[in-house]
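Heads up, target_13.txt below (compact mmCIF, N, CA and C atoms and all ligand atoms):
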# COMPACT_ATOMS: atom_id res chain seq x y z
N MET K 597 -18.77 -66.36 -20.97
CA MET K 597 -19.75 -66.68 -22.00
C MET K 597 -19.31 -67.96 -22.72
N ALA K 598 -20.18 -68.95 -22.72
CA ALA K 598 -19.89 -70.25 -23.34
C ALA K 598 -20.16 -70.19 -24.84
N GLU K 599 -19.62 -71.17 -25.56
CA GLU K 599 -19.94 -71.29 -26.98
C GLU K 599 -21.32 -71.91 -27.13
N ILE K 600 -22.00 -71.55 -28.21
CA ILE K 600 -23.29 -72.15 -28.51
C ILE K 600 -23.09 -73.63 -28.82
N GLN K 601 -23.94 -74.46 -28.25
CA GLN K 601 -23.92 -75.90 -28.54
C GLN K 601 -25.16 -76.21 -29.38
N HIS K 602 -25.00 -76.13 -30.71
CA HIS K 602 -26.14 -76.36 -31.60
C HIS K 602 -26.61 -77.80 -31.53
N PRO K 603 -27.93 -78.01 -31.67
CA PRO K 603 -28.40 -79.38 -31.86
C PRO K 603 -27.81 -79.93 -33.16
N GLN K 604 -27.67 -81.22 -33.24
CA GLN K 604 -27.13 -81.81 -34.46
C GLN K 604 -28.14 -81.69 -35.61
N PRO K 605 -27.63 -81.42 -36.81
CA PRO K 605 -28.54 -81.30 -37.96
C PRO K 605 -29.09 -82.66 -38.37
N THR K 606 -30.24 -82.63 -39.03
CA THR K 606 -30.75 -83.82 -39.69
C THR K 606 -30.11 -83.87 -41.06
N VAL K 607 -29.34 -84.91 -41.31
CA VAL K 607 -28.58 -85.02 -42.56
C VAL K 607 -29.30 -85.98 -43.50
N ASN K 608 -29.50 -85.54 -44.73
CA ASN K 608 -30.10 -86.41 -45.75
C ASN K 608 -29.27 -86.30 -47.02
N GLU K 609 -29.70 -86.94 -48.09
CA GLU K 609 -28.89 -86.96 -49.31
C GLU K 609 -28.71 -85.57 -49.91
N GLU K 610 -29.68 -84.67 -49.71
CA GLU K 610 -29.52 -83.30 -50.22
C GLU K 610 -28.48 -82.52 -49.44
N THR K 611 -28.38 -82.77 -48.15
CA THR K 611 -27.54 -81.92 -47.29
C THR K 611 -26.22 -82.57 -46.88
N ARG K 612 -26.02 -83.85 -47.19
CA ARG K 612 -24.85 -84.58 -46.70
C ARG K 612 -23.52 -83.89 -47.09
N ALA K 613 -23.38 -83.47 -48.32
CA ALA K 613 -22.11 -82.85 -48.75
C ALA K 613 -21.82 -81.57 -47.97
N TYR K 614 -22.87 -80.81 -47.67
CA TYR K 614 -22.70 -79.57 -46.91
C TYR K 614 -22.20 -79.87 -45.51
N TRP K 615 -22.87 -80.80 -44.82
CA TRP K 615 -22.50 -81.09 -43.42
C TRP K 615 -21.16 -81.81 -43.33
N GLU K 616 -20.89 -82.71 -44.25
CA GLU K 616 -19.59 -83.39 -44.22
C GLU K 616 -18.48 -82.40 -44.53
N GLY K 617 -18.72 -81.47 -45.45
CA GLY K 617 -17.73 -80.44 -45.75
C GLY K 617 -17.47 -79.57 -44.53
N ALA K 618 -18.53 -79.14 -43.87
CA ALA K 618 -18.37 -78.28 -42.68
C ALA K 618 -17.57 -79.00 -41.61
N THR K 619 -17.79 -80.28 -41.47
CA THR K 619 -17.09 -81.06 -40.44
C THR K 619 -15.60 -81.20 -40.80
N ARG K 620 -15.26 -81.14 -42.10
CA ARG K 620 -13.86 -81.12 -42.54
C ARG K 620 -13.26 -79.72 -42.46
N GLY K 621 -14.09 -78.70 -42.20
CA GLY K 621 -13.61 -77.32 -42.16
C GLY K 621 -13.73 -76.62 -43.49
N GLU K 622 -14.68 -77.07 -44.33
CA GLU K 622 -14.89 -76.46 -45.64
C GLU K 622 -16.35 -76.05 -45.78
N LEU K 623 -16.56 -74.88 -46.39
CA LEU K 623 -17.92 -74.43 -46.67
C LEU K 623 -18.26 -74.90 -48.08
N VAL K 624 -19.14 -75.90 -48.19
CA VAL K 624 -19.47 -76.52 -49.47
C VAL K 624 -20.81 -75.97 -49.95
N LEU K 625 -20.80 -75.45 -51.18
CA LEU K 625 -22.02 -74.94 -51.80
C LEU K 625 -22.35 -75.78 -53.03
N GLN K 626 -23.51 -75.51 -53.61
CA GLN K 626 -23.93 -76.18 -54.83
C GLN K 626 -23.92 -75.19 -55.99
N ARG K 627 -23.57 -75.71 -57.18
CA ARG K 627 -23.64 -74.92 -58.41
C ARG K 627 -24.38 -75.76 -59.44
N CYS K 628 -25.27 -75.09 -60.16
CA CYS K 628 -26.01 -75.75 -61.24
C CYS K 628 -25.11 -75.82 -62.47
N LYS K 629 -24.96 -77.02 -63.02
CA LYS K 629 -24.13 -77.18 -64.23
C LYS K 629 -24.81 -76.57 -65.45
N ALA K 630 -26.14 -76.47 -65.43
CA ALA K 630 -26.87 -75.97 -66.59
C ALA K 630 -26.84 -74.44 -66.67
N CYS K 631 -27.15 -73.76 -65.55
CA CYS K 631 -27.26 -72.29 -65.60
C CYS K 631 -26.19 -71.60 -64.77
N LYS K 632 -25.35 -72.38 -64.06
CA LYS K 632 -24.20 -71.87 -63.29
C LYS K 632 -24.58 -71.13 -62.01
N ARG K 633 -25.87 -71.10 -61.67
CA ARG K 633 -26.27 -70.43 -60.44
C ARG K 633 -25.73 -71.18 -59.23
N VAL K 634 -25.25 -70.43 -58.23
CA VAL K 634 -24.81 -71.00 -56.96
C VAL K 634 -25.97 -70.90 -55.99
N GLN K 635 -26.23 -71.98 -55.25
CA GLN K 635 -27.37 -71.95 -54.34
C GLN K 635 -27.02 -72.49 -52.96
N HIS K 636 -27.79 -72.02 -51.98
CA HIS K 636 -27.75 -72.52 -50.63
C HIS K 636 -29.13 -72.20 -50.05
N ARG K 637 -29.79 -73.04 -49.39
CA ARG K 637 -29.47 -74.32 -48.81
C ARG K 637 -29.42 -75.41 -49.88
N PRO K 638 -28.77 -76.54 -49.55
CA PRO K 638 -28.63 -77.61 -50.53
C PRO K 638 -29.99 -78.20 -50.92
N ARG K 639 -30.11 -78.47 -52.23
CA ARG K 639 -31.35 -79.06 -52.75
C ARG K 639 -31.01 -80.03 -53.87
N ALA K 640 -31.97 -80.87 -54.22
CA ALA K 640 -31.76 -81.84 -55.28
C ALA K 640 -31.86 -81.19 -56.65
N LEU K 641 -32.58 -80.06 -56.73
CA LEU K 641 -32.78 -79.37 -58.01
C LEU K 641 -32.29 -77.93 -57.92
N CYS K 642 -31.92 -77.37 -59.06
CA CYS K 642 -31.58 -75.95 -59.13
C CYS K 642 -32.85 -75.12 -58.92
N VAL K 643 -32.79 -74.13 -58.04
CA VAL K 643 -33.97 -73.32 -57.78
C VAL K 643 -34.22 -72.31 -58.89
N SER K 644 -33.24 -72.17 -59.80
CA SER K 644 -33.39 -71.21 -60.89
C SER K 644 -33.98 -71.85 -62.15
N CYS K 645 -33.44 -73.02 -62.54
CA CYS K 645 -33.89 -73.64 -63.80
C CYS K 645 -34.41 -75.06 -63.62
N PHE K 646 -34.44 -75.57 -62.39
CA PHE K 646 -34.97 -76.89 -62.05
C PHE K 646 -34.15 -78.05 -62.62
N SER K 647 -32.94 -77.77 -63.08
CA SER K 647 -32.06 -78.86 -63.52
C SER K 647 -31.66 -79.70 -62.30
N ASP K 648 -31.46 -81.00 -62.54
CA ASP K 648 -30.93 -81.84 -61.46
C ASP K 648 -29.43 -82.06 -61.61
N GLU K 649 -28.80 -81.31 -62.51
CA GLU K 649 -27.35 -81.40 -62.72
C GLU K 649 -26.67 -80.43 -61.74
N ILE K 650 -26.57 -80.88 -60.49
CA ILE K 650 -26.02 -80.05 -59.42
C ILE K 650 -24.63 -80.57 -59.06
N GLU K 651 -23.68 -79.67 -58.92
CA GLU K 651 -22.36 -80.07 -58.44
C GLU K 651 -22.04 -79.32 -57.15
N HIS K 652 -21.15 -79.89 -56.35
CA HIS K 652 -20.71 -79.26 -55.11
C HIS K 652 -19.31 -78.71 -55.30
N PHE K 653 -19.02 -77.62 -54.60
CA PHE K 653 -17.66 -77.06 -54.64
C PHE K 653 -17.37 -76.40 -53.30
N VAL K 654 -16.08 -76.25 -53.01
CA VAL K 654 -15.67 -75.61 -51.77
C VAL K 654 -15.64 -74.10 -52.00
N ALA K 655 -16.46 -73.38 -51.26
CA ALA K 655 -16.56 -71.93 -51.39
C ALA K 655 -15.41 -71.26 -50.65
N SER K 656 -15.26 -69.97 -50.89
CA SER K 656 -14.17 -69.21 -50.27
C SER K 656 -14.36 -69.10 -48.75
N GLY K 657 -15.61 -69.17 -48.31
CA GLY K 657 -15.89 -68.94 -46.90
C GLY K 657 -15.92 -67.47 -46.54
N ARG K 658 -15.77 -66.61 -47.53
CA ARG K 658 -15.75 -65.17 -47.27
C ARG K 658 -17.07 -64.53 -47.67
N GLY K 659 -17.41 -63.48 -46.93
CA GLY K 659 -18.63 -62.76 -47.24
C GLY K 659 -18.74 -61.55 -46.34
N HIS K 660 -19.95 -61.00 -46.25
CA HIS K 660 -20.18 -59.86 -45.37
C HIS K 660 -21.54 -60.02 -44.69
N VAL K 661 -21.71 -59.33 -43.59
CA VAL K 661 -22.97 -59.39 -42.85
C VAL K 661 -24.02 -58.65 -43.66
N TYR K 662 -25.07 -59.38 -44.05
CA TYR K 662 -26.19 -58.77 -44.78
C TYR K 662 -27.14 -58.12 -43.78
N THR K 663 -27.43 -58.83 -42.69
CA THR K 663 -28.20 -58.28 -41.59
C THR K 663 -27.92 -59.12 -40.36
N CYS K 664 -28.20 -58.58 -39.19
CA CYS K 664 -27.88 -59.32 -37.97
C CYS K 664 -28.74 -58.84 -36.80
N THR K 665 -28.76 -59.67 -35.76
CA THR K 665 -29.41 -59.31 -34.51
C THR K 665 -28.60 -59.89 -33.37
N VAL K 666 -28.70 -59.28 -32.21
CA VAL K 666 -28.05 -59.81 -31.03
C VAL K 666 -29.13 -60.41 -30.13
N THR K 667 -28.94 -61.67 -29.76
CA THR K 667 -29.87 -62.36 -28.87
C THR K 667 -29.36 -62.23 -27.44
N TYR K 668 -30.20 -61.67 -26.56
CA TYR K 668 -29.82 -61.48 -25.16
C TYR K 668 -30.50 -62.50 -24.26
N GLN K 669 -31.60 -63.11 -24.72
CA GLN K 669 -32.30 -64.10 -23.91
C GLN K 669 -32.63 -65.30 -24.78
N ASN K 670 -32.24 -66.48 -24.30
CA ASN K 670 -32.62 -67.73 -24.94
C ASN K 670 -32.47 -68.81 -23.89
N GLY K 671 -33.56 -69.38 -23.45
CA GLY K 671 -33.53 -70.39 -22.40
C GLY K 671 -33.27 -71.79 -22.91
N ALA K 672 -33.12 -71.96 -24.21
CA ALA K 672 -32.96 -73.31 -24.77
C ALA K 672 -31.59 -73.89 -24.41
N ARG K 673 -31.58 -75.18 -24.13
CA ARG K 673 -30.33 -75.88 -23.84
C ARG K 673 -29.37 -75.68 -25.01
N GLY K 674 -28.13 -75.42 -24.69
CA GLY K 674 -27.12 -75.20 -25.72
C GLY K 674 -26.96 -73.73 -26.08
N PHE K 675 -27.96 -72.92 -25.75
CA PHE K 675 -27.92 -71.50 -26.09
C PHE K 675 -27.93 -70.61 -24.85
N ARG K 676 -28.54 -71.08 -23.75
CA ARG K 676 -28.77 -70.20 -22.60
C ARG K 676 -27.48 -69.67 -21.99
N ASP K 677 -26.39 -70.45 -22.07
CA ASP K 677 -25.13 -69.99 -21.48
C ASP K 677 -24.28 -69.18 -22.45
N ALA K 678 -24.77 -69.03 -23.69
CA ALA K 678 -23.98 -68.35 -24.72
C ALA K 678 -24.44 -66.92 -25.00
N VAL K 679 -25.52 -66.47 -24.34
CA VAL K 679 -25.99 -65.11 -24.58
C VAL K 679 -25.04 -64.09 -23.95
N PRO K 680 -24.90 -62.92 -24.54
CA PRO K 680 -25.48 -62.51 -25.82
C PRO K 680 -24.70 -63.10 -26.99
N TYR K 681 -25.41 -63.43 -28.08
CA TYR K 681 -24.74 -63.92 -29.28
C TYR K 681 -25.39 -63.30 -30.51
N VAL K 682 -24.66 -63.37 -31.62
CA VAL K 682 -25.12 -62.74 -32.86
C VAL K 682 -25.66 -63.80 -33.81
N LEU K 683 -26.83 -63.56 -34.34
CA LEU K 683 -27.39 -64.35 -35.44
C LEU K 683 -27.43 -63.43 -36.65
N ALA K 684 -26.87 -63.91 -37.76
CA ALA K 684 -26.75 -63.04 -38.93
C ALA K 684 -27.07 -63.80 -40.21
N TYR K 685 -27.51 -63.06 -41.20
CA TYR K 685 -27.47 -63.55 -42.57
C TYR K 685 -26.17 -63.04 -43.15
N VAL K 686 -25.31 -63.97 -43.56
CA VAL K 686 -24.05 -63.62 -44.19
C VAL K 686 -24.22 -63.81 -45.69
N GLU K 687 -23.95 -62.75 -46.45
CA GLU K 687 -23.97 -62.86 -47.90
C GLU K 687 -22.58 -63.27 -48.35
N LEU K 688 -22.49 -64.49 -48.89
CA LEU K 688 -21.20 -65.03 -49.30
C LEU K 688 -20.71 -64.36 -50.57
N ASP K 689 -19.39 -64.35 -50.77
CA ASP K 689 -18.83 -63.78 -52.00
C ASP K 689 -19.38 -64.48 -53.23
N GLU K 690 -19.78 -65.76 -53.09
CA GLU K 690 -20.34 -66.53 -54.21
C GLU K 690 -21.81 -66.20 -54.46
N GLY K 691 -22.45 -65.42 -53.57
CA GLY K 691 -23.82 -64.98 -53.81
C GLY K 691 -24.86 -65.39 -52.78
N PRO K 692 -24.94 -66.68 -52.41
CA PRO K 692 -26.00 -67.07 -51.48
C PRO K 692 -25.85 -66.45 -50.10
N ARG K 693 -26.94 -66.38 -49.37
CA ARG K 693 -26.93 -65.92 -47.99
C ARG K 693 -27.09 -67.14 -47.06
N VAL K 694 -26.30 -67.13 -46.00
CA VAL K 694 -26.28 -68.22 -45.03
C VAL K 694 -26.67 -67.66 -43.68
N LEU K 695 -27.60 -68.33 -43.00
CA LEU K 695 -27.98 -67.96 -41.64
C LEU K 695 -26.99 -68.61 -40.68
N ALA K 696 -26.31 -67.80 -39.88
CA ALA K 696 -25.25 -68.34 -39.02
C ALA K 696 -24.96 -67.38 -37.88
N ASN K 697 -24.21 -67.87 -36.91
CA ASN K 697 -23.74 -67.03 -35.81
C ASN K 697 -22.44 -66.35 -36.22
N VAL K 698 -22.23 -65.14 -35.72
CA VAL K 698 -20.94 -64.46 -35.84
C VAL K 698 -20.32 -64.48 -34.46
N VAL K 699 -19.13 -65.04 -34.35
CA VAL K 699 -18.48 -65.25 -33.06
C VAL K 699 -17.07 -64.62 -33.09
N GLY K 700 -16.43 -64.66 -31.94
CA GLY K 700 -15.04 -64.21 -31.88
C GLY K 700 -14.88 -62.71 -31.79
N CYS K 701 -15.94 -62.02 -31.36
CA CYS K 701 -15.87 -60.57 -31.22
C CYS K 701 -16.99 -60.12 -30.27
N ASP K 702 -16.94 -58.88 -29.87
CA ASP K 702 -18.03 -58.31 -29.06
C ASP K 702 -19.31 -58.32 -29.91
N PRO K 703 -20.37 -58.96 -29.45
CA PRO K 703 -21.60 -59.02 -30.27
C PRO K 703 -22.09 -57.64 -30.72
N ARG K 704 -21.88 -56.63 -29.90
CA ARG K 704 -22.36 -55.29 -30.25
C ARG K 704 -21.51 -54.65 -31.34
N SER K 705 -20.37 -55.26 -31.69
CA SER K 705 -19.51 -54.68 -32.72
C SER K 705 -19.88 -55.17 -34.12
N VAL K 706 -20.76 -56.18 -34.21
CA VAL K 706 -21.13 -56.73 -35.52
C VAL K 706 -22.13 -55.78 -36.18
N ALA K 707 -21.87 -55.47 -37.44
CA ALA K 707 -22.71 -54.50 -38.15
C ALA K 707 -22.92 -54.94 -39.59
N ILE K 708 -23.98 -54.42 -40.18
CA ILE K 708 -24.27 -54.69 -41.59
C ILE K 708 -23.08 -54.24 -42.43
N GLY K 709 -22.66 -55.11 -43.34
CA GLY K 709 -21.55 -54.81 -44.23
C GLY K 709 -20.20 -55.30 -43.73
N MET K 710 -20.13 -55.74 -42.49
CA MET K 710 -18.87 -56.18 -41.89
C MET K 710 -18.34 -57.41 -42.64
N PRO K 711 -17.06 -57.39 -43.07
CA PRO K 711 -16.49 -58.58 -43.71
C PRO K 711 -16.29 -59.70 -42.70
N VAL K 712 -16.64 -60.92 -43.10
CA VAL K 712 -16.52 -62.08 -42.22
C VAL K 712 -15.98 -63.27 -43.02
N LYS K 713 -15.50 -64.27 -42.28
CA LYS K 713 -15.05 -65.51 -42.92
C LYS K 713 -15.59 -66.69 -42.11
N ALA K 714 -15.79 -67.80 -42.79
CA ALA K 714 -16.33 -68.99 -42.14
C ALA K 714 -15.33 -69.55 -41.15
N SER K 715 -15.87 -70.14 -40.10
CA SER K 715 -15.07 -70.72 -39.02
C SER K 715 -15.74 -72.02 -38.61
N PHE K 716 -14.92 -72.99 -38.20
CA PHE K 716 -15.47 -74.33 -37.95
C PHE K 716 -14.91 -74.86 -36.65
N ALA K 717 -15.79 -75.05 -35.67
CA ALA K 717 -15.38 -75.68 -34.41
C ALA K 717 -15.52 -77.18 -34.58
N PRO K 718 -14.70 -77.95 -33.90
CA PRO K 718 -14.86 -79.41 -34.00
C PRO K 718 -16.23 -79.84 -33.49
N PRO K 719 -16.81 -80.91 -34.06
CA PRO K 719 -18.09 -81.39 -33.55
C PRO K 719 -17.94 -81.84 -32.11
N THR K 720 -19.05 -81.82 -31.40
CA THR K 720 -19.01 -82.13 -29.97
C THR K 720 -19.03 -83.63 -29.70
N SER K 721 -19.25 -84.45 -30.71
CA SER K 721 -19.19 -85.91 -30.53
C SER K 721 -18.58 -86.53 -31.78
N ALA K 722 -18.13 -87.76 -31.66
CA ALA K 722 -17.46 -88.43 -32.78
C ALA K 722 -18.39 -88.59 -33.97
N GLU K 723 -19.69 -88.75 -33.72
CA GLU K 723 -20.65 -88.91 -34.82
C GLU K 723 -21.23 -87.57 -35.25
N GLY K 724 -20.79 -86.50 -34.60
CA GLY K 724 -21.41 -85.21 -34.83
C GLY K 724 -20.94 -84.48 -36.06
N TYR K 725 -21.69 -83.46 -36.44
CA TYR K 725 -21.36 -82.58 -37.55
C TYR K 725 -21.07 -81.20 -37.00
N THR K 726 -20.23 -80.47 -37.72
CA THR K 726 -19.91 -79.10 -37.36
C THR K 726 -20.92 -78.15 -37.98
N VAL K 727 -21.38 -77.19 -37.18
CA VAL K 727 -22.25 -76.13 -37.68
C VAL K 727 -21.37 -74.92 -37.99
N PRO K 728 -21.27 -74.51 -39.26
CA PRO K 728 -20.41 -73.37 -39.61
C PRO K 728 -20.87 -72.10 -38.90
N ARG K 729 -19.90 -71.26 -38.60
CA ARG K 729 -20.19 -69.92 -38.07
C ARG K 729 -19.19 -68.99 -38.71
N PHE K 730 -19.27 -67.74 -38.38
CA PHE K 730 -18.40 -66.74 -39.03
C PHE K 730 -17.70 -65.91 -37.97
N THR K 731 -16.52 -65.41 -38.34
CA THR K 731 -15.75 -64.51 -37.50
C THR K 731 -15.40 -63.27 -38.32
N PRO K 732 -15.08 -62.16 -37.66
CA PRO K 732 -14.65 -60.97 -38.42
C PRO K 732 -13.44 -61.31 -39.30
N ALA K 733 -13.42 -60.80 -40.52
CA ALA K 733 -12.31 -61.10 -41.45
C ALA K 733 -11.22 -60.03 -41.32
ZN ZN K 801 -29.87 -74.02 -62.97

Translate this structure into structure tokens?
Ligand SMILES: [Zn+2]
Amino acid sequence: MAEIQHPQPTVNEETRAYWEGATRGELVLQRCKACKRVQHRPRALCVSCFSDEIEHFVASGRGHVYTCTVTYQNGARGFRDAVPYVLAYVELDEGPRVLANVVGCDPRSVAIGMPVKASFAPPTSAEGYTVPRFTPA
């Protein structure tokens, strides 16, 4: 079973800190300076109070599986050789949920509530970005 080869993300000013952090091996989230809410996906404004006073910080990378599914068929390039694989919503210890793959274990062993930690494979090209994934903690 091969590793998933994700397409490269489209990086813009809202998402640059997240993708650059992931490529360094860090899970970077946003926190609103006004109301302290932590959010993901990255945005220019706080989704809670609409403040534009957003700061980035390195998250713990720890969380648990909120929900998951195992994909057994996917003909798309980069995915077809990696089945079966797990797609999960991981609820981070900081609060937000991240859609990501859970790797490094039997896909059938992944379950709701399972503790996981972020994992970062090197990008596949020099200009590439790393797509975070999770492994059992
Ligand atoms: Zn806010």

List as JSON lines every residue of region 601-642 of chain K that is in contact with region 724-733 of chain K, defined as an atom at most 12 Å from one of its atoms (using only C-alpha atoms), together with the nearest atom pair and the distance in Å rounded to one decimal, sorted by chain and then rising number.
{"residue": "K:Gln601", "atom": "CA", "partner": "K:Val727", "partner_atom": "CA", "distance": 9.3}
{"residue": "K:His602", "atom": "CA", "partner": "K:Val727", "partner_atom": "CA", "distance": 7.2}
{"residue": "K:Pro603", "atom": "CA", "partner": "K:Val727", "partner_atom": "CA", "distance": 9.1}
{"residue": "K:Gln604", "atom": "CA", "partner": "K:Tyr725", "partner_atom": "CA", "distance": 6.6}
{"residue": "K:Pro605", "atom": "CA", "partner": "K:Tyr725", "partner_atom": "CA", "distance": 7.3}
{"residue": "K:Thr606", "atom": "CA", "partner": "K:Tyr725", "partner_atom": "CA", "distance": 9.7}
{"residue": "K:Val607", "atom": "CA", "partner": "K:Tyr725", "partner_atom": "CA", "distance": 9.1}
{"residue": "K:Thr611", "atom": "CA", "partner": "K:Tyr725", "partner_atom": "CA", "distance": 11.6}
{"residue": "K:Arg612", "atom": "CA", "partner": "K:Tyr725", "partner_atom": "CA", "distance": 10.0}
{"residue": "K:Ala613", "atom": "CA", "partner": "K:Tyr725", "partner_atom": "CA", "distance": 11.2}
{"residue": "K:Tyr614", "atom": "CA", "partner": "K:Pro728", "partner_atom": "CA", "distance": 9.8}
{"residue": "K:Trp615", "atom": "CA", "partner": "K:Tyr725", "partner_atom": "CA", "distance": 6.2}
{"residue": "K:Glu616", "atom": "CA", "partner": "K:Tyr725", "partner_atom": "CA", "distance": 6.9}
{"residue": "K:Gly617", "atom": "CA", "partner": "K:Thr726", "partner_atom": "CA", "distance": 8.8}
{"residue": "K:Ala618", "atom": "CA", "partner": "K:Thr726", "partner_atom": "CA", "distance": 5.6}
{"residue": "K:Thr619", "atom": "CA", "partner": "K:Thr726", "partner_atom": "CA", "distance": 4.6}
{"residue": "K:Arg620", "atom": "CA", "partner": "K:Thr726", "partner_atom": "CA", "distance": 8.2}
{"residue": "K:Gly621", "atom": "CA", "partner": "K:Thr726", "partner_atom": "CA", "distance": 8.1}
{"residue": "K:Glu622", "atom": "CA", "partner": "K:Pro728", "partner_atom": "CA", "distance": 8.7}
{"residue": "K:Leu623", "atom": "CA", "partner": "K:Pro728", "partner_atom": "CA", "distance": 7.6}
{"residue": "K:Val624", "atom": "CA", "partner": "K:Pro728", "partner_atom": "CA", "distance": 10.4}

Any chance you could export the current selection's N, CA and C atoms as a PDB file, keeping the file's coordinate frame?
ATOM      1  N   GLN K 601     -23.940 -74.460 -28.250  1.00  0.00           N
ATOM      2  CA  GLN K 601     -23.920 -75.900 -28.540  1.00  0.00           C
ATOM      3  C   GLN K 601     -25.160 -76.210 -29.380  1.00  0.00           C
ATOM      4  N   HIS K 602     -25.000 -76.130 -30.710  1.00  0.00           N
ATOM      5  CA  HIS K 602     -26.140 -76.360 -31.600  1.00  0.00           C
ATOM      6  C   HIS K 602     -26.610 -77.800 -31.530  1.00  0.00           C
ATOM      7  N   PRO K 603     -27.930 -78.010 -31.670  1.00  0.00           N
ATOM      8  CA  PRO K 603     -28.400 -79.380 -31.860  1.00  0.00           C
ATOM      9  C   PRO K 603     -27.810 -79.930 -33.160  1.00  0.00           C
ATOM     10  N   GLN K 604     -27.670 -81.220 -33.240  1.00  0.00           N
ATOM     11  CA  GLN K 604     -27.130 -81.810 -34.460  1.00  0.00           C
ATOM     12  C   GLN K 604     -28.140 -81.690 -35.610  1.00  0.00           C
ATOM     13  N   PRO K 605     -27.630 -81.420 -36.810  1.00  0.00           N
ATOM     14  CA  PRO K 605     -28.540 -81.300 -37.960  1.00  0.00           C
ATOM     15  C   PRO K 605     -29.090 -82.660 -38.370  1.00  0.00           C
ATOM     16  N   THR K 606     -30.240 -82.630 -39.030  1.00  0.00           N
ATOM     17  CA  THR K 606     -30.750 -83.820 -39.690  1.00  0.00           C
ATOM     18  C   THR K 606     -30.110 -83.870 -41.060  1.00  0.00           C
ATOM     19  N   VAL K 607     -29.340 -84.910 -41.310  1.00  0.00           N
ATOM     20  CA  VAL K 607     -28.580 -85.020 -42.560  1.00  0.00           C
ATOM     21  C   VAL K 607     -29.300 -85.980 -43.500  1.00  0.00           C
ATOM     22  N   THR K 611     -28.380 -82.770 -48.150  1.00  0.00           N
ATOM     23  CA  THR K 611     -27.540 -81.920 -47.290  1.00  0.00           C
ATOM     24  C   THR K 611     -26.220 -82.570 -46.880  1.00  0.00           C
ATOM     25  N   ARG K 612     -26.020 -83.850 -47.190  1.00  0.00           N
ATOM     26  CA  ARG K 612     -24.850 -84.580 -46.700  1.00  0.00           C
ATOM     27  C   ARG K 612     -23.520 -83.890 -47.090  1.00  0.00           C
ATOM     28  N   ALA K 613     -23.380 -83.470 -48.320  1.00  0.00           N
ATOM     29  CA  ALA K 613     -22.110 -82.850 -48.750  1.00  0.00           C
ATOM     30  C   ALA K 613     -21.820 -81.570 -47.970  1.00  0.00           C
ATOM     31  N   TYR K 614     -22.870 -80.810 -47.670  1.00  0.00           N
ATOM     32  CA  TYR K 614     -22.700 -79.570 -46.910  1.00  0.00           C
ATOM     33  C   TYR K 614     -22.200 -79.870 -45.510  1.00  0.00           C
ATOM     34  N   TRP K 615     -22.870 -80.800 -44.820  1.00  0.00           N
ATOM     35  CA  TRP K 615     -22.500 -81.090 -43.420  1.00  0.00           C
ATOM     36  C   TRP K 615     -21.160 -81.810 -43.330  1.00  0.00           C
ATOM     37  N   GLU K 616     -20.890 -82.710 -44.250  1.00  0.00           N
ATOM     38  CA  GLU K 616     -19.590 -83.390 -44.220  1.00  0.00           C
ATOM     39  C   GLU K 616     -18.480 -82.400 -44.530  1.00  0.00           C
ATOM     40  N   GLY K 617     -18.720 -81.470 -45.450  1.00  0.00           N
ATOM     41  CA  GLY K 617     -17.730 -80.440 -45.750  1.00  0.00           C
ATOM     42  C   GLY K 617     -17.470 -79.570 -44.530  1.00  0.00           C
ATOM     43  N   ALA K 618     -18.530 -79.140 -43.870  1.00  0.00           N
ATOM     44  CA  ALA K 618     -18.370 -78.280 -42.680  1.00  0.00           C
ATOM     45  C   ALA K 618     -17.570 -79.000 -41.610  1.00  0.00           C
ATOM     46  N   THR K 619     -17.790 -80.280 -41.470  1.00  0.00           N
ATOM     47  CA  THR K 619     -17.090 -81.060 -40.440  1.00  0.00           C
ATOM     48  C   THR K 619     -15.600 -81.200 -40.800  1.00  0.00           C
ATOM     49  N   ARG K 620     -15.260 -81.140 -42.100  1.00  0.00           N
ATOM     50  CA  ARG K 620     -13.860 -81.120 -42.540  1.00  0.00           C
ATOM     51  C   ARG K 620     -13.260 -79.720 -42.460  1.00  0.00           C
ATOM     52  N   GLY K 621     -14.090 -78.700 -42.200  1.00  0.00           N
ATOM     53  CA  GLY K 621     -13.610 -77.320 -42.160  1.00  0.00           C
ATOM     54  C   GLY K 621     -13.730 -76.620 -43.490  1.00  0.00           C
ATOM     55  N   GLU K 622     -14.680 -77.070 -44.330  1.00  0.00           N
ATOM     56  CA  GLU K 622     -14.890 -76.460 -45.640  1.00  0.00           C
ATOM     57  C   GLU K 622     -16.350 -76.050 -45.780  1.00  0.00           C
ATOM     58  N   LEU K 623     -16.560 -74.880 -46.390  1.00  0.00           N
ATOM     59  CA  LEU K 623     -17.920 -74.430 -46.670  1.00  0.00           C
ATOM     60  C   LEU K 623     -18.260 -74.900 -48.080  1.00  0.00           C
ATOM     61  N   VAL K 624     -19.140 -75.900 -48.190  1.00  0.00           N
ATOM     62  CA  VAL K 624     -19.470 -76.520 -49.470  1.00  0.00           C
ATOM     63  C   VAL K 624     -20.810 -75.970 -49.950  1.00  0.00           C
TER      64      VAL K 624
END

Open item on the list: Please find the residues contacting ligand ZN 801 (chain K) at a distance of at most 9 Å between atoms, with only C-alpha atoms and all ligand atoms counted, and report them as a list of chain:residue names.
Closed with: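 The distance check yields K:Arg627, K:Cys628, K:Lys629, K:Ala630, K:Cys631, K:Lys632, K:Arg633, K:Val634, K:Leu641, K:Cys642, K:Val643, K:Ser644, K:Cys645, K:Phe646, K:Ser647, K:Asp648, K:Glu649, K:Ile650.
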
Open item on the list: When DSSP is applied to the backbone of this structure, which of chain K are assigned strand (DSSP E or B)? Write them out as a VMD selection string.
Closed with: chain K and resid 624 to 628 634 to 635 650 to 654 658 to 667 681 to 688 693 to 698 711 to 715 729 to 732

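For the pair atom N of Ala598 (chain K) and atom C of His636 (chain K), the separation is 28.9 Å.
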
Open item on the list: List as a list in words the protein and nucleic acid residues near Val706 (chain K), meaning an atom at most 8 Å away when only N, CA and C atoms are counted, but skip any in the same chain fewer than 5 places from it.
Closed with: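 Selected residues are Val661, Thr663, Cys664, Thr665, Val682, Val698 and Cys701 of chain K.
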